[in-house]
$ cat work.txt   # compact mmCIF, C-alpha atoms
# COMPACT_ATOMS: atom_id res chain seq x y z
CA MET A 20 90.30 98.06 67.59
CA ALA A 21 91.56 99.93 70.66
CA LYS A 22 93.94 98.15 73.00
CA ARG A 23 92.05 96.16 75.61
CA LYS A 24 92.26 97.14 79.27
CA ARG A 25 93.74 94.46 81.54
CA ILE A 26 92.22 93.72 84.94
CA ASN A 27 92.67 91.27 87.79
CA LEU A 28 89.55 89.68 89.26
CA ALA A 29 89.10 88.98 92.99
CA LEU A 30 86.16 86.63 93.53
CA GLN A 31 84.70 86.34 97.03
CA GLY A 32 83.26 83.18 98.51
CA GLY A 33 79.75 83.00 99.88
CA GLY A 34 78.15 79.71 98.94
CA ALA A 35 75.20 79.92 96.59
CA HIS A 36 75.50 83.71 96.58
CA GLY A 37 78.37 83.08 94.18
CA ALA A 38 75.67 83.13 91.50
CA PHE A 39 75.95 86.93 91.73
CA THR A 40 79.56 86.55 90.58
CA TRP A 41 78.35 84.28 87.77
CA GLY A 42 76.21 87.14 86.45
CA ALA A 43 78.98 89.73 86.85
CA LEU A 44 81.48 87.52 85.03
CA ASP A 45 78.97 86.84 82.28
CA ARG A 46 78.79 90.60 81.61
CA ILE A 47 82.55 91.14 81.80
CA LEU A 48 83.24 88.24 79.43
CA GLN A 49 80.96 89.84 76.82
CA ASP A 50 83.00 93.05 76.81
CA ASP A 51 85.77 92.83 74.22
CA ARG A 52 87.39 95.95 75.69
CA ILE A 53 88.47 93.92 78.75
CA GLU A 54 91.24 91.35 79.16
CA ILE A 55 91.37 89.25 82.34
CA ALA A 56 95.00 88.98 83.43
CA SER A 57 94.52 87.00 86.65
CA ILE A 58 91.87 85.59 88.97
CA SER A 59 92.02 85.05 92.72
CA GLY A 60 89.09 83.04 94.08
CA THR A 61 87.88 81.61 97.36
CA SER A 62 85.15 78.98 97.84
CA ALA A 63 82.40 79.78 95.32
CA GLY A 64 84.85 82.29 93.86
CA ALA A 65 87.32 79.46 93.26
CA LEU A 66 84.65 77.45 91.43
CA ASN A 67 83.74 80.47 89.31
CA GLY A 68 87.40 81.15 88.66
CA ALA A 69 88.07 77.57 87.57
CA ALA A 70 85.12 77.71 85.16
CA VAL A 71 86.41 80.96 83.62
CA LYS A 72 90.07 79.90 83.50
CA SER A 73 89.33 76.56 81.82
CA GLY A 74 86.88 78.17 79.42
CA MET A 75 89.35 80.86 78.37
CA VAL A 76 91.90 78.14 77.55
CA GLN A 77 89.36 75.91 75.80
CA GLY A 78 87.74 78.52 73.58
CA GLY A 79 87.91 82.05 74.91
CA PRO A 80 85.23 84.18 76.58
CA GLU A 81 82.27 82.42 74.99
CA GLN A 82 83.40 79.03 76.27
CA ALA A 83 84.05 80.57 79.70
CA ARG A 84 80.42 81.76 79.77
CA LYS A 85 79.23 78.28 78.82
CA ASN A 86 81.35 76.76 81.59
CA LEU A 87 79.82 79.15 84.13
CA ASP A 88 76.32 78.24 82.96
CA ALA A 89 77.10 74.53 83.30
CA LEU A 90 78.60 75.02 86.76
CA TRP A 91 75.60 76.87 88.20
CA HIS A 92 73.00 74.64 86.62
CA SER A 93 74.85 71.76 88.28
CA VAL A 94 74.75 73.60 91.62
CA ALA A 95 71.02 74.20 91.21
CA GLY A 96 70.42 70.66 90.01
CA VAL A 97 68.28 71.87 87.09
CA LYS A 98 68.74 72.50 83.39
CA ASP A 99 66.76 75.75 83.28
CA LEU A 100 66.72 78.26 86.15
CA ARG A 101 63.55 79.83 84.73
CA ILE A 102 61.50 77.05 86.32
CA ALA A 103 61.46 79.19 89.48
CA ASP A 104 60.09 82.33 87.83
CA TRP A 105 56.69 81.83 89.49
CA LEU A 106 58.31 82.83 92.81
CA SER A 107 59.10 86.32 91.47
CA THR A 108 55.84 87.74 92.87
CA PHE A 109 57.20 87.18 96.38
CA GLY A 110 60.62 88.81 95.87
CA PRO A 111 64.07 87.61 97.04
CA GLY A 112 63.61 88.80 100.64
CA ALA A 113 60.37 86.88 101.15
CA VAL A 114 61.78 83.73 99.57
CA ALA A 115 64.93 84.02 101.70
CA GLN A 116 62.83 84.31 104.87
CA SER A 117 60.70 81.33 103.87
CA ILE A 118 63.88 79.24 103.60
CA GLU A 119 65.43 80.64 106.77
CA TYR A 120 62.37 79.95 108.94
CA SER A 121 61.42 76.62 107.38
CA TRP A 122 61.55 73.52 109.56
CA PRO A 123 63.93 71.62 107.23
CA TYR A 124 66.47 74.46 107.26
CA ALA A 125 66.09 75.08 111.01
CA TRP A 126 66.59 71.37 111.72
CA GLY A 127 69.59 71.14 109.40
CA ASP A 128 71.14 74.24 110.98
CA PHE A 129 70.65 72.83 114.48
CA TRP A 130 72.02 69.44 113.44
CA SER A 131 75.17 71.04 112.01
CA ARG A 132 75.84 72.71 115.38
CA VAL A 133 75.57 69.56 117.48
CA THR A 134 76.92 66.94 115.06
CA SER A 135 80.34 66.72 113.45
CA PRO A 136 80.60 65.87 109.75
CA TYR A 137 82.91 63.09 110.94
CA ALA A 138 79.98 61.40 112.66
CA TYR A 139 78.59 60.12 109.35
CA GLY A 140 81.33 57.54 108.90
CA PRO A 141 81.26 55.73 105.54
CA MET A 142 77.97 57.48 104.68
CA TYR A 143 79.75 60.85 104.42
CA GLN A 144 80.05 62.49 101.02
CA ASN A 145 80.83 66.04 99.94
CA PRO A 146 78.16 67.18 97.46
CA LEU A 147 80.69 69.38 95.64
CA ASN A 148 82.89 66.42 94.72
CA GLU A 149 81.12 65.54 91.47
CA ILE A 150 80.79 69.19 90.41
CA VAL A 151 84.46 70.00 90.99
CA ALA A 152 85.62 66.75 89.38
CA SER A 153 83.96 67.84 86.13
CA PHE A 154 86.49 70.66 85.56
CA ASP A 155 89.20 70.14 82.95
CA PHE A 156 92.22 70.48 85.23
CA ASP A 157 94.69 70.41 82.35
CA CYS A 158 93.17 73.77 81.41
CA VAL A 159 92.66 75.01 84.98
CA CYS A 160 96.35 74.42 85.79
CA GLY A 161 97.76 75.41 82.42
CA ASP A 162 100.05 78.34 81.65
CA GLU A 163 97.65 79.69 79.04
CA GLY A 164 94.89 82.13 79.89
CA PRO A 165 94.63 84.19 83.08
CA ALA A 166 96.81 83.33 86.05
CA PHE A 167 94.67 81.61 88.69
CA PHE A 168 95.00 81.55 92.48
CA VAL A 169 92.88 79.46 94.87
CA CYS A 170 92.69 80.36 98.57
CA ALA A 171 92.25 77.88 101.44
CA THR A 172 92.92 77.87 105.20
CA ARG A 173 95.48 75.47 106.65
CA VAL A 174 93.79 74.02 109.76
CA ARG A 175 96.95 73.22 111.71
CA ASN A 176 98.27 76.77 111.94
CA GLY A 177 95.36 78.87 110.69
CA LYS A 178 97.40 80.36 107.85
CA LEU A 179 96.25 81.27 104.38
CA ARG A 180 97.38 78.86 101.66
CA VAL A 181 97.28 80.13 98.08
CA PHE A 182 97.42 77.37 95.47
CA LYS A 183 98.53 78.21 91.94
CA GLY A 184 99.57 76.53 88.70
CA GLU A 185 99.98 72.77 88.91
CA GLU A 186 99.09 72.85 92.62
CA ILE A 187 95.45 73.48 91.68
CA CYS A 188 93.71 70.12 91.65
CA LYS A 189 90.25 68.92 92.64
CA ASP A 190 91.26 68.76 96.31
CA ALA A 191 92.59 72.35 96.28
CA ILE A 192 89.24 73.72 95.09
CA MET A 193 87.34 71.42 97.45
CA ALA A 194 89.53 72.73 100.29
CA SER A 195 88.77 76.32 99.34
CA ALA A 196 85.03 75.60 99.73
CA CYS A 197 85.20 73.40 102.83
CA LEU A 198 82.95 74.79 105.57
CA PRO A 199 84.00 72.78 108.64
CA THR A 200 80.50 72.56 110.15
CA LEU A 201 79.23 70.91 106.97
CA TYR A 202 82.16 69.05 105.43
CA GLN A 203 85.13 67.06 106.62
CA ALA A 204 88.46 68.85 106.17
CA VAL A 205 90.17 68.21 102.86
CA GLU A 206 93.54 66.53 103.43
CA LYS A 207 96.26 66.78 100.81
CA TYR A 208 100.01 67.01 100.53
CA ASP A 209 101.24 70.58 100.95
CA ALA A 210 104.51 71.34 99.15
CA GLU A 211 105.02 74.42 101.34
CA THR A 212 105.23 72.38 104.56
CA GLY A 213 106.34 69.04 103.14
CA GLN A 214 103.55 67.09 104.82
CA VAL A 215 99.89 66.18 104.46
CA GLU A 216 97.78 69.06 105.76
CA ALA A 217 94.08 69.51 106.46
CA PHE A 218 92.36 72.50 104.89
CA TRP A 219 89.16 74.46 105.51
CA ASP A 220 87.35 77.18 103.61
CA GLY A 221 89.62 80.00 102.43
CA GLY A 222 87.10 82.64 103.51
CA TYR A 223 88.51 82.59 107.05
CA THR A 224 91.94 83.87 105.97
CA GLY A 225 91.63 85.26 102.43
CA ASN A 226 88.28 86.10 100.88
CA PRO A 227 89.94 86.36 98.45
CA ALA A 228 93.66 87.07 98.67
CA LEU A 229 94.68 90.17 96.71
CA PHE A 230 98.46 90.13 97.23
CA PRO A 231 99.22 87.42 94.61
CA MET A 232 98.11 89.93 91.95
CA PHE A 233 100.33 92.83 93.09
CA GLY A 234 103.02 94.03 90.68
CA ASP A 235 104.46 92.60 87.46
CA PRO A 236 103.34 90.88 85.32
CA PHE A 237 99.86 91.93 86.40
CA PRO A 238 98.09 95.25 85.78
CA PRO A 239 97.42 97.62 88.72
CA ASP A 240 93.61 97.25 88.57
CA ILE A 241 91.88 94.73 90.84
CA VAL A 242 88.13 94.33 90.42
CA ILE A 243 86.60 92.76 93.54
CA ILE A 244 83.26 91.03 93.05
CA ASN A 245 81.84 91.32 96.54
CA ILE A 246 79.02 89.02 97.70
CA ASN A 247 79.21 89.62 101.45
CA PRO A 248 77.65 93.01 102.26
CA LEU A 249 80.03 95.37 103.99
CA GLU A 250 77.21 97.25 105.73
CA ARG A 251 73.80 96.46 107.19
CA ASP A 252 71.81 99.44 108.47
CA THR A 253 69.47 97.45 110.71
CA LEU A 254 70.54 95.94 114.03
CA PRO A 255 70.38 92.12 113.99
CA THR A 256 68.07 91.00 116.78
CA THR A 257 66.84 87.48 115.98
CA PRO A 258 69.16 84.47 116.37
CA GLN A 259 69.13 84.02 112.59
CA GLN A 260 70.00 87.67 111.92
CA ILE A 261 72.79 87.68 114.51
CA GLN A 262 74.34 84.49 113.14
CA ASN A 263 74.07 85.81 109.60
CA ARG A 264 75.85 89.08 110.43
CA ILE A 265 78.59 87.24 112.32
CA ASN A 266 79.10 85.14 109.19
CA GLU A 267 79.31 88.23 106.96
CA ILE A 268 81.71 90.12 109.23
CA GLY A 269 83.97 87.08 109.59
CA PHE A 270 84.13 86.49 105.86
CA ASN A 271 84.88 90.16 105.12
CA THR A 272 87.63 90.59 107.74
CA SER A 273 90.56 89.34 105.68
CA LEU A 274 89.54 91.40 102.64
CA LEU A 275 89.15 94.58 104.70
CA ARG A 276 92.56 93.98 106.27
CA GLU A 277 94.19 93.84 102.83
CA LEU A 278 92.29 96.90 101.63
CA ARG A 279 93.44 98.85 104.69
CA ALA A 280 97.05 97.87 103.96
CA ILE A 281 96.64 98.98 100.33
CA ASP A 282 95.23 102.32 101.48
CA PHE A 283 98.21 102.79 103.84
CA VAL A 284 100.72 102.15 101.04
CA GLN A 285 98.83 104.45 98.66
CA ARG A 286 99.01 107.24 101.23
CA LEU A 287 102.77 106.79 101.60
CA LEU A 288 103.18 106.88 97.82
CA ASP A 289 101.01 110.00 97.54
CA GLU A 290 102.97 111.74 100.30
CA GLY A 291 106.32 110.86 98.71
CA LYS A 292 107.38 108.75 101.69
CA LEU A 293 107.76 105.78 99.35
CA GLN A 294 109.31 106.01 95.92
CA ALA A 295 107.40 104.68 92.91
CA GLY A 296 108.63 101.16 92.28
CA GLU A 297 109.34 100.35 95.92
CA MET A 298 105.75 99.18 96.37
CA ALA A 299 103.07 98.46 93.78
CA ARG A 300 100.34 101.02 93.24
CA VAL A 301 96.99 99.25 93.16
CA ASN A 302 93.71 100.55 91.75
CA ILE A 303 90.77 99.00 93.59
CA HIS A 304 87.34 98.60 92.00
CA MET A 305 84.29 96.80 93.38
CA ILE A 306 81.19 95.23 91.88
CA ALA A 307 78.49 94.68 94.49
CA ASP A 308 74.78 94.93 95.26
CA ASP A 309 74.50 95.43 99.01
CA PRO A 310 70.73 96.21 98.92
CA LEU A 311 70.00 92.78 97.42
CA MET A 312 72.45 90.99 99.72
CA ASN A 313 70.79 92.69 102.69
CA GLU A 314 67.56 90.91 101.73
CA LEU A 315 69.29 87.52 101.77
CA SER A 316 70.94 85.53 104.54
CA VAL A 317 73.21 82.64 105.40
CA ALA A 318 70.27 80.33 104.58
CA THR A 319 70.33 81.34 100.92
CA LYS A 320 74.09 80.74 100.88
CA VAL A 321 73.60 77.15 102.01
CA VAL A 322 70.39 76.29 100.11
CA PRO A 323 70.78 76.80 96.32
CA ASN A 324 67.18 77.89 95.62
CA THR A 325 66.66 78.19 91.87
CA TYR A 326 64.73 81.47 92.07
CA ILE A 327 67.35 83.11 94.30
CA LEU A 328 70.13 81.91 92.00
CA SER A 329 68.40 83.39 88.96
CA GLN A 330 67.89 86.72 90.75
CA LEU A 331 71.51 86.78 91.89
CA LYS A 332 72.73 86.17 88.35
CA LYS A 333 70.57 89.00 86.99
CA ALA A 334 71.75 91.33 89.76
CA GLY A 335 75.40 90.46 89.16
CA PHE A 336 75.06 91.10 85.44
CA ALA A 337 73.37 94.47 86.11
CA ALA A 338 75.98 95.49 88.71
CA ALA A 339 78.86 94.69 86.34
CA ASP A 340 77.09 96.60 83.58
CA ARG A 341 76.79 99.66 85.85
CA PHE A 342 80.43 99.37 86.83
CA LEU A 343 81.59 99.30 83.21
CA GLU A 344 79.28 102.17 82.30
CA ASP A 345 80.40 104.35 85.20
CA HIS A 346 84.04 103.40 85.72
CA PHE A 347 85.48 101.87 82.55
CA ASP A 348 87.50 105.03 81.88
CA ALA A 349 89.07 104.82 85.36
CA ILE A 350 90.57 101.39 84.66
CA GLY A 351 94.31 101.80 84.19
CA ARG A 352 94.33 105.29 85.73
CA GLU A 353 92.83 105.19 89.22
CA GLY A 354 90.65 103.19 91.54
CA SER A 355 86.90 103.69 91.66
CA VAL A 356 86.66 102.79 95.37
CA ASP A 357 87.61 105.56 97.81
CA LEU A 358 89.49 103.55 100.40
CA ARG A 359 90.08 106.58 102.62
CA VAL A 360 86.35 107.16 102.93
CA MET A 361 85.82 103.43 103.53
CA PHE A 362 88.18 103.44 106.49
CA SER A 363 87.49 106.92 107.88

$ encode --input "work.txt" --output "structure tokens"
Amino acid sequence: MAKRKRINLALQGGGAHGAFTWGALDRILQDDRIEIASISGTSAGALNGAAVKSGMVQGGPEQARKNLDALWHSVAGVKDLRIADWLSTFGPGAVAQSIEYSWPYAWGDFWSRVTSPYAYGPMYQNPLNEIVASFDFDCVCGDEGPAFFVCATRVRNGKLRVFKGEEICKDAIMASACLPTLYQAVEKYDAETGQVEAFWDGGYTGNPALFPMFGDPFPPDIVIININPLERDTLPTTPQQIQNRINEIGFNTSLLRELRAIDFVQRLLDEGKLQAGEMARVNIHMIADDPLMNELSVATKVVPNTYILSQLKKAGFAAADRFLEDHFDAIGREGSVDLRVMFS
């Protein structure tokens, strides 16, 4: 058997749209030509990463796939996502609009803008608590399997906090997925500052962070599974469309900033202004489906509709399959994303 190619995985956050990443990971885990060296995840990406990391330690790729299935069936609250197949005649865009313009969603969205999650008092509960608590943290934090990094935002100073190794506990993953309009900040002791800190969703500062995977002992190839579309061709005009695009731009900003820095360093290396070894050369790859994500919205991120989840999983699997078909040979040699075109 040929030597497996090693990759790092960068898993974006985006609520229920993380089911796209579920599908992409399911395809990657079935490819015995690939070895996952490290995972950096934010929000839904952190949940997906924890499922994969623990599964790889427990029983390898097959167990990782089972863990992902269990995670997303828990998110959907059903045992079989096929129960929503009857909605397929309407298509993802129509279903997304029906959610976005429904009275329950509109009322919930309005309520979240005028009411603090702290107003619920003893009635408050974070719906992710039970799901995250089900992870085997001995495996999630262990030295075996891929290295794992979880990104959150420290509220006090607005800085990115990357948790790793034994720092990754239930609260760290809950912090990574803590949208402040919906959930109370997650408070935990922070060894970096020596005090109890409050944390919000990592998407504001690192969605996800790439820098922990630069250089030894990790390979040069980073595969980003992108669930927030970089481009939308149509101008947002309705309140819902405007809010949705603001959300997407905000949650892509930190990633684009890192990609621009990578492009700058690559240019210096190519021009001989930096010597090889002074800075790490990074090969960037991306798995995405912007046409599908353009049909969806912030509503389908917040509401885990079973039909949308099933379509996202299928799309993620297909996108990863296309990536491996088209770009497998590039892994280890060069990136498959032209960063200079991206930023021109």

$ closest_residue --input "work.txt" --among "A:Ala83, A:Ala171, A:Cys188, A:Leu201" --to "Ser135 (chain A)" --atoms "only C-alpha atoms"
A:Leu201

$ closest_residue --input "work.txt" --among "A:Glu314, A:Asp45, A:Asp190, A:Glu54" --to "Arg84 (chain A)" --atoms "only C-alpha atoms"
A:Asp45

$ closest_residue --input "work.txt" --among "A:Lys332, A:Ile265, A:Ala43, A:Gly79" --to "Ile243 (chain A)" --atoms "all atoms listed in the file"
A:Ala43

$ closest_residue --input "work.txt" --among "A:Phe283, A:Gln214, A:Leu358, A:Tyr202" --to "Tyr139 (chain A)" --atoms "all atoms listed in the file"
A:Tyr202

$ closest_residue --input "work.txt" --among "A:Arg175, A:Arg46, A:Arg251, A:Arg300" --to "Val284 (chain A)" --atoms "only C-alpha atoms"
A:Arg300

$ atom_distance --input "work.txt" --atom1 "CA of Leu274 (chain A)" --atom2 "CA of Asn226 (chain A)"
5.7 Å

$ closest_residue --input "work.txt" --among "A:Val151, A:Ala318, A:Val356, A:Cys158" --to "Ser73 (chain A)" --atoms "all atoms listed in the file"
A:Cys158

$ residues_around --input "work.txt" --residues "Thr200 (chain A)" --least-positions-apart "3" --cutoff "9 Å" --atoms "all atoms listed in the file" --output "MDAnalysis selection string"
chainID A and resid 131:132 134:136 197 203

$ atom_distance --input "work.txt" --atom1 "CA of Val205 (chain A)" --atom2 "CA of Val174 (chain A)"
9.7 Å

$ residues_around --input "work.txt" --residues "Arg180 (chain A)" --least-positions-apart "5" --cutoff "8 Å" --atoms "only C-alpha atoms" --output "ChimeraX atom specification"
/A:170-173,221

$ residues_around --input "work.txt" --residues "region 167-169 of chain A" --least-positions-apart "4" --cutoff "7 Å" --atoms "all atoms listed in the file" --output "number ranges by chain"
A: 57-61, 65, 181-183, 192, 195

$ residues_near_point --input "work.txt" --point "(85.5, 93.2, 78.3)" --cutoff "12 Å" --atoms "only C-alpha atoms" --output "PyMOL selection string"
chain A and resi 21-26+43-56+79-81+339-340+342-344+347+350
